[in-house]
Amino acid sequence: MSVNSTLTGSQIIIQTVDPLLKYSWFSQSNNYYLLHLHEIAYAFLFYQTISSFIAPMVNRLIFGERYTSIKDEKLKIDFDIHVVSMVQALISLYIIWPVLTLPFFSHNIATYQNDYCSMVSSLSAGYFVWDLIVCLKYIHIYGFQYLIHAVVALYGSLVPLMPVIQVWVPKILMYEASTPFVNINWYIMQLTSPPTASNLKPVNVPMWFNALNGVCLMAVFFVVRIVWGNIAQVMYFHQLFKYRNDMTTLKAYLSLLLAFVALVLNILNMFWFNKMLKIAKKLSSPSDKNKKRD
């Protein structure tokens with residue numbers, strides 16, 4: 001089944017079939033939330049399975065006693081969460097490719113709908129439902145900041161199913177390109193830090209590998225979150241203004257709220273990148289003690 005029965009020549013080129021749509025529980029529905037509900041549910045179950053069974057097994061296999069000896073509840077949960085985060089990032093980057101080249105200004109963001117983009121939004125929503133539940137369950141550990149992030153991310157993945165702003169779905173998920181390097185950096189920090197078990201010693205991670213990951217992290221973060229993030233912000237606001245008369249009041253309010261949320265995130269990204277630069281500068285510079293010896 002395909003919701004889009006009539007497409008223009010330019011739309012046919014970028015209209016990609018949702019391979020999971022045939023399994024819809026509400027295949028005859030015109031409501032995209034119902035039409036793609038199965039994808040949200042299955043994605044949630046997929047990530048829950050990874051979190052509960054696959055991640056602990058992978059961490060025991062790779063880190064051994066360094067993982068099994070952990071007594072700190074938050075640290076052990078973090079190990080498993082980073083595995084889920086890595087899987088989600090890689091899946092997101094893989095599935096956005098077929099629609100990544102959707103033209104910005106060839107489609108009316110107020111009305112354009114693409115089955116494949118709806119699938120991408122739904123699978124992302126399933127992950128963020130899982131993320132939200134984790135944040136609620138462990139709010140005593142992670143606090144409200146992670147809970148707010150989970151709510152905002154889930155909101156951003158559900159709004160396009162109205163449908164609205166679907167052309168932007170793959171463009172925003174490009175942000176995930178920096179996530180694998182963030183996760184690798186986190187694991188390096190755990191390996192090189194004093195372990196919880198007294199009989200274990202920190203692992204000597206090759207400096208070249210650590211440095212290479214750090215450079216990749218900063219470069220990708222800068223390109224996708226700073227450069228592209230701010231360009232996308234301006235273009236998104238422009239399209240909201242251009243198609244404002246084609247939107248229902250609800251679509252307009254929800255899309256505008258999403259724009260301001262994205263603006264806040266862009267500001268935070270610049271703040272985080274500035275911290276990365278300071279850390280990199282500190283690590284690459286000789287210590288004050290060495291300076292004094294010189």
# chains A, B, ... in the order shown; residues from 1 in each chain; ligands from 1
call {"tool": "closest_atom_pairs", "arguments": {"of": "region 6-113 of chain A", "to": "region 180-185 of chain A", "cutoff": "10 Å", "atoms": "only C-alpha atoms", "output": "CSV"}}
result
residue,atom,partner,partner_atom,distance
A:Phe79,CA,A:Asn183,CA,9.7
A:Ile81,CA,A:Asn183,CA,9.8
A:His82,CA,A:Asn183,CA,6.1
A:Val83,CA,A:Asn183,CA,8.1
A:Ser85,CA,A:Asn183,CA,7.8
A:Met86,CA,A:Pro180,CA,5.7
A:Val87,CA,A:Pro180,CA,8.8
A:Gln88,CA,A:Pro180,CA,9.6
A:Ala89,CA,A:Pro180,CA,6.8
A:Leu90,CA,A:Pro180,CA,7.5
call {"tool": "write_last_selection", "arguments": {"atoms": "N, CA and C atoms", "output": "CSV table (one decimal), in the first residue's frame"}}
result
chain,number,residue,atom,x,y,z
A,79,PHE,N,26.8,1.9,30.3
A,79,PHE,CA,27.4,1.0,29.4
A,79,PHE,C,26.4,0.4,28.4
A,81,ILE,N,23.3,1.6,27.8
A,81,ILE,CA,22.6,2.7,27.0
A,81,ILE,C,23.5,3.1,25.8
A,82,HIS,N,24.8,3.2,26.0
A,82,HIS,CA,25.7,3.6,24.9
A,82,HIS,C,25.7,2.6,23.8
A,83,VAL,N,25.5,1.3,24.1
A,83,VAL,CA,25.3,0.3,23.1
A,83,VAL,C,24.1,0.6,22.3
A,85,SER,N,22.5,3.4,22.0
A,85,SER,CA,22.6,4.6,21.3
A,85,SER,C,23.5,4.4,20.0
A,86,MET,N,24.5,3.6,20.1
A,86,MET,CA,25.3,3.3,18.9
A,86,MET,C,24.5,2.6,17.8
A,87,VAL,N,23.7,1.6,18.2
A,87,VAL,CA,22.9,0.9,17.2
A,87,VAL,C,21.9,1.9,16.6
A,88,GLN,N,21.2,2.7,17.4
A,88,GLN,CA,20.2,3.6,16.9
A,88,GLN,C,20.9,4.6,15.9
A,89,ALA,N,22.0,5.1,16.2
A,89,ALA,CA,22.7,6.1,15.4
A,89,ALA,C,23.1,5.5,14.0
A,90,LEU,N,23.6,4.3,14.1
A,90,LEU,CA,24.0,3.6,12.8
A,90,LEU,C,22.8,3.3,12.0
call {"tool": "residues_around", "arguments": {"residues": "Ile133 (chain A)", "least_positions_apart": "4", "cutoff": "9 Å", "atoms": "only C-alpha atoms", "output": "PyMOL selection string"}}
result
chain A and resi 128-129+137-138+147+150
call {"tool": "write_last_selection", "arguments": {"atoms": "N, CA and C atoms", "output": "PDB file, in the first residue's frame"}}
result
ATOM      1  N   PHE A 128      12.818   6.890  20.730  1.00  0.00           N
ATOM      2  CA  PHE A 128      12.671   7.926  21.741  1.00  0.00           C
ATOM      3  C   PHE A 128      11.586   7.599  22.771  1.00  0.00           C
ATOM      4  N   VAL A 129      10.643   6.730  22.414  1.00  0.00           N
ATOM      5  CA  VAL A 129       9.716   6.208  23.422  1.00  0.00           C
ATOM      6  C   VAL A 129      10.513   5.379  24.428  1.00  0.00           C
ATOM      7  N   LYS A 137      12.290   6.015  34.313  1.00  0.00           N
ATOM      8  CA  LYS A 137      12.638   4.947  35.247  1.00  0.00           C
ATOM      9  C   LYS A 137      13.841   5.311  36.104  1.00  0.00           C
ATOM     10  N   TYR A 138      14.819   5.982  35.485  1.00  0.00           N
ATOM     11  CA  TYR A 138      16.045   6.316  36.198  1.00  0.00           C
ATOM     12  C   TYR A 138      16.193   7.821  36.411  1.00  0.00           C
ATOM     13  N   LEU A 147      15.436  13.826  30.826  1.00  0.00           N
ATOM     14  CA  LEU A 147      14.011  13.616  30.600  1.00  0.00           C
ATOM     15  C   LEU A 147      13.478  14.650  29.611  1.00  0.00           C
ATOM     16  N   ALA A 150      14.577  13.800  26.130  1.00  0.00           N
ATOM     17  CA  ALA A 150      13.814  12.679  25.573  1.00  0.00           C
ATOM     18  C   ALA A 150      12.434  13.133  25.099  1.00  0.00           C
TER      19      ALA A 150
END
call {"tool": "residues_around", "arguments": {"residues": "Tyr112 (chain A)", "least_positions_apart": "3", "cutoff": "9 Å", "atoms": "only C-alpha atoms", "output": "MDAnalysis selection string"}}
result
chainID A and resid 107:109 163:167
call {"tool": "write_last_selection", "arguments": {"atoms": "N, CA and C atoms", "output": "mmCIF file, in the first residue's frame"}}
result
data_model
loop_
_atom_site.group_PDB
_atom_site.id
_atom_site.type_symbol
_atom_site.label_atom_id
_atom_site.label_comp_id
_atom_site.auth_asym_id
_atom_site.auth_seq_id
_atom_site.Cartn_x
_atom_site.Cartn_y
_atom_site.Cartn_z
ATOM 1 N N HIS A 107 9.134 21.104 -2.536
ATOM 2 C CA HIS A 107 7.951 20.532 -1.904
ATOM 3 C C HIS A 107 7.373 21.485 -0.866
ATOM 4 N N ASN A 108 6.077 21.486 -0.785
ATOM 5 C CA ASN A 108 5.372 22.287 0.201
ATOM 6 C C ASN A 108 5.433 21.559 1.539
ATOM 7 N N ILE A 109 6.168 22.105 2.500
ATOM 8 C CA ILE A 109 6.362 21.401 3.775
ATOM 9 C C ILE A 109 5.066 21.287 4.573
ATOM 10 N N PRO A 163 0.606 14.863 8.399
ATOM 11 C CA PRO A 163 2.034 15.071 8.109
ATOM 12 C C PRO A 163 2.356 16.552 7.908
ATOM 13 N N VAL A 164 3.597 16.914 8.250
ATOM 14 C CA VAL A 164 4.107 18.263 8.030
ATOM 15 C C VAL A 164 5.631 18.188 8.114
ATOM 16 N N ILE A 165 6.310 19.088 7.451
ATOM 17 C CA ILE A 165 7.775 19.226 7.425
ATOM 18 C C ILE A 165 8.510 17.892 7.181
ATOM 19 N N GLN A 166 7.905 16.979 6.432
ATOM 20 C CA GLN A 166 8.539 15.674 6.240
ATOM 21 C C GLN A 166 9.832 15.736 5.437
ATOM 22 N N VAL A 167 9.966 16.745 4.604
ATOM 23 C CA VAL A 167 11.186 16.881 3.826
ATOM 24 C C VAL A 167 12.402 17.093 4.735
#
call {"tool": "select_by_dssp", "arguments": {"residues": "region 82-192 of chain A", "states": "helix (DSSP H, G or I)", "output": "ChimeraX atom specification"}}
result
/A:82-95,97-99,115-137,139-142,144-161,166-192
call {"tool": "closest_residue", "arguments": {"among": "A:Val227, A:Leu45, A:Val264, A:Ala110", "to": "Tyr243 (chain A)", "atoms": "only C-alpha atoms"}}
result
A:Ala110
call {"tool": "residues_around", "arguments": {"residues": "Pro98 (chain A)", "least_positions_apart": "5", "cutoff": "12 Å", "atoms": "only C-alpha atoms", "output": "CSV table (one decimal) with C-alpha atoms, in the first residue's frame"}}
result
chain,number,residue,atom,x,y,z
A,13,ILE,CA,12.2,10.3,-8.3
A,14,ILE,CA,12.4,10.7,-4.5
A,15,GLN,CA,9.3,8.7,-3.5
A,16,THR,CA,10.7,5.6,-1.8
A,17,VAL,CA,8.5,2.7,-0.7
A,18,ASP,CA,8.2,2.0,3.0
A,92,SER,CA,19.3,6.1,11.5
A,93,LEU,CA,22.3,7.1,9.3
A,114,ASN,CA,6.5,10.6,1.8
A,115,ASP,CA,5.9,7.1,3.0
A,116,TYR,CA,9.6,6.4,3.6
A,117,CYS,CA,10.0,9.6,5.6
A,119,MET,CA,8.8,5.3,8.3
A,120,VAL,CA,12.0,7.1,9.4
A,169,VAL,CA,13.2,14.4,8.6
A,170,PRO,CA,16.4,13.0,7.0
A,171,LYS,CA,18.1,16.4,7.2
call {"tool": "residues_around", "arguments": {"residues": "Leu191 (chain A)", "least_positions_apart": "5", "cutoff": "10 Å", "atoms": "only C-alpha atoms", "output": "ChimeraX atom specification"}}
result
/A:63,66,185-186,201-205
call {"tool": "closest_residue", "arguments": {"among": "A:Asp80, A:Asp72, A:Glu176, A:Asp131", "to": "His149 (chain A)", "atoms": "only C-alpha atoms"}}
result
A:Asp131
call {"tool": "residues_around", "arguments": {"residues": "Val220 (chain A)", "least_positions_apart": "4", "cutoff": "6 Å", "atoms": "only C-alpha atoms", "output": "PyMOL selection string"}}
result
chain A and resi 178+216+224
call {"tool": "write_last_selection", "arguments": {"atoms": "N, CA and C atoms", "output": "PDB file, in the first residue's frame"}}
result
ATOM      1  N   SER A 178      27.489  12.355  14.403  1.00  0.00           N
ATOM      2  CA  SER A 178      28.516  12.565  15.428  1.00  0.00           C
ATOM      3  C   SER A 178      28.368  11.603  16.602  1.00  0.00           C
ATOM      4  N   CYS A 216      37.878  13.213  14.536  1.00  0.00           N
ATOM      5  CA  CYS A 216      36.668  12.873  13.775  1.00  0.00           C
ATOM      6  C   CYS A 216      35.421  13.414  14.478  1.00  0.00           C
ATOM      7  N   VAL A 224      28.082  18.865  10.873  1.00  0.00           N
ATOM      8  CA  VAL A 224      26.656  18.527  10.866  1.00  0.00           C
ATOM      9  C   VAL A 224      25.837  19.315  11.877  1.00  0.00           C
TER      10      VAL A 224
END
call {"tool": "closest_residue", "arguments": {"among": "A:Ile188, A:Ala262, A:Leu75, A:Met218", "to": "Ala153 (chain A)", "atoms": "only C-alpha atoms"}}
result
A:Ala262
call {"tool": "atom_distance", "arguments": {"atom1": "CA of Ala252 (chain A)", "atom2": "CA of Leu265 (chain A)"}}
result
19.9 Å
